[in-house]
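Just below is one structure, and these are the notes that go with it.
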Amino acid sequence: MEQDEHTPTPGTAVTRAEIDAARIVNMVASTITSLTWGRDMPEVVRRAFAEYCRRYDIDPVTEMNNLGGTPYVNADWFKRKLGELRMARVITAVRLEHIHADPRLDALRQDASVPEEIRAEASRRWFDAVFKRIQHNAPETAAAICLCTIVLADGSTITGCKWAGNGTSVKQPRHGGGSAPNPITENNATASVESGAIRRAAIQLFSHLSGHRADAINDRAPVIVDPVTMRTDYKRLAGGEIAGPVKGLLSPESVDRINATYAASDAATEPGGKMVTAPADGAYGLT
């Protein structure tokens, strides 16, 4: 079976990387226990969630949700990663535009009492939004439509568009049969479409950048995450019913061995800085 570089191999000496990784997993698993969705989790599932957070530099308190037993990285994580990429100058800007059919803009452009220059600007913005809705096949009836544009260092752009409201959001199965628009999205349309547009654009960006080591793009760039790997990695970690040893999930025996080694060491210090840290060498990004 393929071994993760931080997964102990039976019969081998424990490395500092293994010790630090296990302590981070322990710390995150303890944090997950305090969350509403993690309180009743089986321990092995909780550890799989914790290892997932460690691999992808996720704060489980603010950046991850639990949807039906599967980790779901929310928009706050994507926003932070985009910020890191901007500071590393891999991207230069992230822009959000609300392009729904806003009746206020329509009223301004048709109001004869409004100064001509304002009417002209309102008309320009109205038709700009119309063309963008057509380009992204967004429904005219949506209460909220958001377009996220990410500008790369070479000036090219990547966009993501999301809409919701007035029954236009993605439909979900209902108990008893049939389907209906997501009520949470429908009731929080503006905030939901902003988060959704950011996620869609960021996922495209990460896919675009995947296959490149961070140092091949910029020596200050953070680890680049492959979204396809993120979607499938938890299933590999959890191993379905979590039967037997699986890649990346430390067994209780391994944890005991690592903790015993750590207790005997003379460097018993907590990991500093953030709650969760990503490996600096890009081991969990694409190489």
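All residue names refer to the structure tokens as shown: chains lettered A, B, ... in order, residues numbered from 1 in each chain, ligands numbered from 1 in order.
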Run DSSP on the backbone and tell me which residues of stretch 46-230 of chain A come out as alpha helix (DSSP H); list them as a PyMOL selection string.
chain A and resi 46-56+75-87+103-110+116-135+183-187+189-209+214-217+227-230
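Shell of stretch 124-129 of chain A at 6 Å, with only C-alpha atoms counted and residues fewer than 3 places along the chain excluded, is A:Ile99, A:Glu121, A:Lys132.
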Could those residues be written to a file, using N, CA and C atoms, as a PDB file, in the first residue's frame?
ATOM      1  N   ILE A  99     -24.573  40.970 -10.798  1.00  0.00           N
ATOM      2  CA  ILE A  99     -25.051  41.266 -12.153  1.00  0.00           C
ATOM      3  C   ILE A  99     -26.506  40.843 -12.366  1.00  0.00           C
ATOM      4  N   GLU A 121     -24.716  56.343 -17.593  1.00  0.00           N
ATOM      5  CA  GLU A 121     -23.927  55.380 -16.811  1.00  0.00           C
ATOM      6  C   GLU A 121     -24.796  54.207 -16.360  1.00  0.00           C
ATOM      7  N   LYS A 132     -23.306  39.981 -19.516  1.00  0.00           N
ATOM      8  CA  LYS A 132     -22.624  39.026 -18.645  1.00  0.00           C
ATOM      9  C   LYS A 132     -23.561  37.897 -18.224  1.00  0.00           C
TER      10      LYS A 132
END
Once DSSP has gone over the backbone, tell me which residues of stretch 58-211 of chain A are in strand (DSSP E or B), as an mmCIF file with N, CA and C atoms, in the first residue's frame.
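Output file selection-v1.cif follows:
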data_model
loop_
_atom_site.group_PDB
_atom_site.id
_atom_site.type_symbol
_atom_site.label_atom_id
_atom_site.label_comp_id
_atom_site.auth_asym_id
_atom_site.auth_seq_id
_atom_site.Cartn_x
_atom_site.Cartn_y
_atom_site.Cartn_z
ATOM 1 N N MET A 64 -14.389 24.830 7.540
ATOM 2 C CA MET A 64 -14.883 23.528 7.098
ATOM 3 C C MET A 64 -16.233 23.217 7.720
ATOM 4 N N ASN A 65 -17.113 22.615 6.908
ATOM 5 C CA ASN A 65 -18.402 22.135 7.367
ATOM 6 C C ASN A 65 -18.462 20.626 7.180
ATOM 7 N N ASN A 66 -19.374 20.008 7.884
ATOM 8 C CA ASN A 66 -19.575 18.566 7.780
ATOM 9 C C ASN A 66 -20.914 18.328 7.095
ATOM 10 N N LEU A 67 -20.860 17.856 5.861
ATOM 11 C CA LEU A 67 -22.087 17.596 5.104
ATOM 12 C C LEU A 67 -22.279 16.092 4.950
ATOM 13 N N THR A 70 -19.100 14.034 5.333
ATOM 14 C CA THR A 70 -17.993 14.325 4.427
ATOM 15 C C THR A 70 -17.533 15.763 4.653
ATOM 16 N N PRO A 71 -16.213 15.996 4.762
ATOM 17 C CA PRO A 71 -15.736 17.371 4.961
ATOM 18 C C PRO A 71 -16.012 18.248 3.745
ATOM 19 N N TYR A 72 -16.500 19.463 4.003
ATOM 20 C CA TYR A 72 -16.808 20.413 2.939
ATOM 21 C C TYR A 72 -16.080 21.711 3.256
ATOM 22 N N VAL A 73 -15.127 22.061 2.426
ATOM 23 C CA VAL A 73 -14.361 23.288 2.635
ATOM 24 C C VAL A 73 -15.193 24.479 2.175
ATOM 25 N N ILE A 91 -1.558 35.792 -8.486
ATOM 26 C CA ILE A 91 -2.701 36.520 -9.025
ATOM 27 C C ILE A 91 -2.577 37.971 -8.585
ATOM 28 N N THR A 92 -3.264 38.860 -9.283
ATOM 29 C CA THR A 92 -3.144 40.282 -8.948
ATOM 30 C C THR A 92 -4.427 40.885 -8.401
ATOM 31 N N ALA A 93 -5.569 40.235 -8.621
ATOM 32 C CA ALA A 93 -6.833 40.804 -8.136
ATOM 33 C C ALA A 93 -7.924 39.740 -8.099
ATOM 34 N N VAL A 94 -8.876 39.946 -7.196
ATOM 35 C CA VAL A 94 -10.104 39.144 -7.137
ATOM 36 C C VAL A 94 -11.260 40.134 -7.062
ATOM 37 N N ARG A 95 -12.172 40.087 -8.044
ATOM 38 C CA ARG A 95 -13.267 41.055 -8.109
ATOM 39 C C ARG A 95 -14.621 40.347 -8.055
ATOM 40 N N LEU A 96 -15.558 40.951 -7.317
ATOM 41 C CA LEU A 96 -16.921 40.437 -7.250
ATOM 42 C C LEU A 96 -17.872 41.466 -7.861
ATOM 43 N N GLU A 97 -18.759 41.000 -8.743
ATOM 44 C CA GLU A 97 -19.780 41.863 -9.351
ATOM 45 C C GLU A 97 -21.149 41.218 -9.187
ATOM 46 N N HIS A 98 -22.121 42.004 -8.776
ATOM 47 C CA HIS A 98 -23.496 41.521 -8.717
ATOM 48 C C HIS A 98 -24.190 41.952 -10.011
ATOM 49 N N ALA A 144 -30.391 37.012 -7.133
ATOM 50 C CA ALA A 144 -28.991 37.395 -6.942
ATOM 51 C C ALA A 144 -28.119 36.593 -7.900
ATOM 52 N N ILE A 145 -27.218 37.292 -8.579
ATOM 53 C CA ILE A 145 -26.244 36.646 -9.470
ATOM 54 C C ILE A 145 -24.906 37.327 -9.212
ATOM 55 N N CYS A 146 -23.900 36.541 -8.915
ATOM 56 C CA CYS A 146 -22.584 37.110 -8.633
ATOM 57 C C CYS A 146 -21.550 36.531 -9.580
ATOM 58 N N LEU A 147 -20.665 37.395 -10.049
ATOM 59 C CA LEU A 147 -19.577 37.005 -10.931
ATOM 60 C C LEU A 147 -18.265 37.310 -10.221
ATOM 61 N N CYS A 148 -17.436 36.271 -10.046
ATOM 62 C CA CYS A 148 -16.114 36.443 -9.448
ATOM 63 C C CYS A 148 -15.074 36.358 -10.556
ATOM 64 N N THR A 149 -14.229 37.358 -10.644
ATOM 65 C CA THR A 149 -13.162 37.391 -11.643
ATOM 66 C C THR A 149 -11.815 37.397 -10.943
ATOM 67 N N ILE A 150 -10.971 36.434 -11.286
ATOM 68 C CA ILE A 150 -9.619 36.365 -10.751
ATOM 69 C C ILE A 150 -8.658 36.766 -11.868
ATOM 70 N N VAL A 151 -7.817 37.743 -11.591
ATOM 71 C CA VAL A 151 -6.853 38.237 -12.577
ATOM 72 C C VAL A 151 -5.491 37.627 -12.278
ATOM 73 N N LEU A 152 -4.932 36.892 -13.240
ATOM 74 C CA LEU A 152 -3.621 36.278 -13.067
ATOM 75 C C LEU A 152 -2.516 37.289 -13.347
ATOM 76 N N THR A 157 -7.728 36.177 -17.229
ATOM 77 C CA THR A 157 -8.722 36.112 -16.163
ATOM 78 C C THR A 157 -9.401 34.750 -16.109
ATOM 79 N N ILE A 158 -9.878 34.416 -14.922
ATOM 80 C CA ILE A 158 -10.688 33.225 -14.696
ATOM 81 C C ILE A 158 -11.939 33.688 -13.968
ATOM 82 N N THR A 159 -13.106 33.225 -14.403
ATOM 83 C CA THR A 159 -14.359 33.685 -13.809
ATOM 84 C C THR A 159 -15.194 32.524 -13.296
ATOM 85 N N GLY A 160 -15.996 32.845 -12.301
ATOM 86 C CA GLY A 160 -16.969 31.900 -11.773
ATOM 87 C C GLY A 160 -18.260 32.640 -11.506
ATOM 88 N N CYS A 161 -19.393 32.060 -11.888
ATOM 89 C CA CYS A 161 -20.683 32.735 -11.742
ATOM 90 C C CYS A 161 -21.646 31.827 -10.972
ATOM 91 N N LYS A 162 -22.410 32.415 -10.066
ATOM 92 C CA LYS A 162 -23.380 31.666 -9.265
ATOM 93 C C LYS A 162 -24.642 32.492 -9.110
ATOM 94 N N TRP A 163 -25.792 31.819 -9.129
ATOM 95 C CA TRP A 163 -27.063 32.535 -8.966
ATOM 96 C C TRP A 163 -27.967 31.795 -7.999
ATOM 97 N N ALA A 164 -28.949 32.535 -7.449
ATOM 98 C CA ALA A 164 -29.893 31.953 -6.499
ATOM 99 C C ALA A 164 -31.050 32.929 -6.310
ATOM 100 N N LYS A 171 -31.443 22.476 -7.257
ATOM 101 C CA LYS A 171 -32.466 21.724 -6.536
ATOM 102 C C LYS A 171 -31.861 20.526 -5.819
ATOM 103 N N GLN A 172 -32.442 20.227 -4.667
ATOM 104 C CA GLN A 172 -32.000 19.101 -3.856
ATOM 105 C C GLN A 172 -33.158 18.146 -3.609
ATOM 106 N N PRO A 173 -32.862 16.848 -3.454
ATOM 107 C CA PRO A 173 -33.928 15.877 -3.160
ATOM 108 C C PRO A 173 -34.613 16.205 -1.840
ATOM 109 N N SER A 179 -37.959 17.155 -5.585
ATOM 110 C CA SER A 179 -36.825 18.023 -5.287
ATOM 111 C C SER A 179 -37.287 19.455 -5.194
ATOM 112 N N ALA A 180 -36.461 20.293 -4.590
ATOM 113 C CA ALA A 180 -36.788 21.713 -4.429
ATOM 114 C C ALA A 180 -35.495 22.488 -4.290
ATOM 115 N N PRO A 181 -35.525 23.796 -4.600
ATOM 116 C CA PRO A 181 -34.323 24.613 -4.435
ATOM 117 C C PRO A 181 -33.842 24.585 -2.988
#
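In this model, the gap between atom CA of A:Arg39 and atom CA of A:Thr232 comes to 24.0 Å.
Put simply, atom CA of A:Val225 is 10.7 Å away from atom CA of A:Phe78.
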Out of A:Tyr56, A:Arg47, A:Pro42, A:Ala143, which residue has the shortest atom-to-atom distance to A:Asp226 when counting only C-alpha atoms?
A:Tyr56
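Nearest-residue note for A:Thr62: choosing from A:Ser123, A:Thr190, A:Asn74, A:Thr141, the minimum distance belongs to A:Asn74, counting only C-alpha atoms.
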What gap, in Å, lies between atom CA of A:Arg16 and atom CA of A:Arg54?
15.7 Å
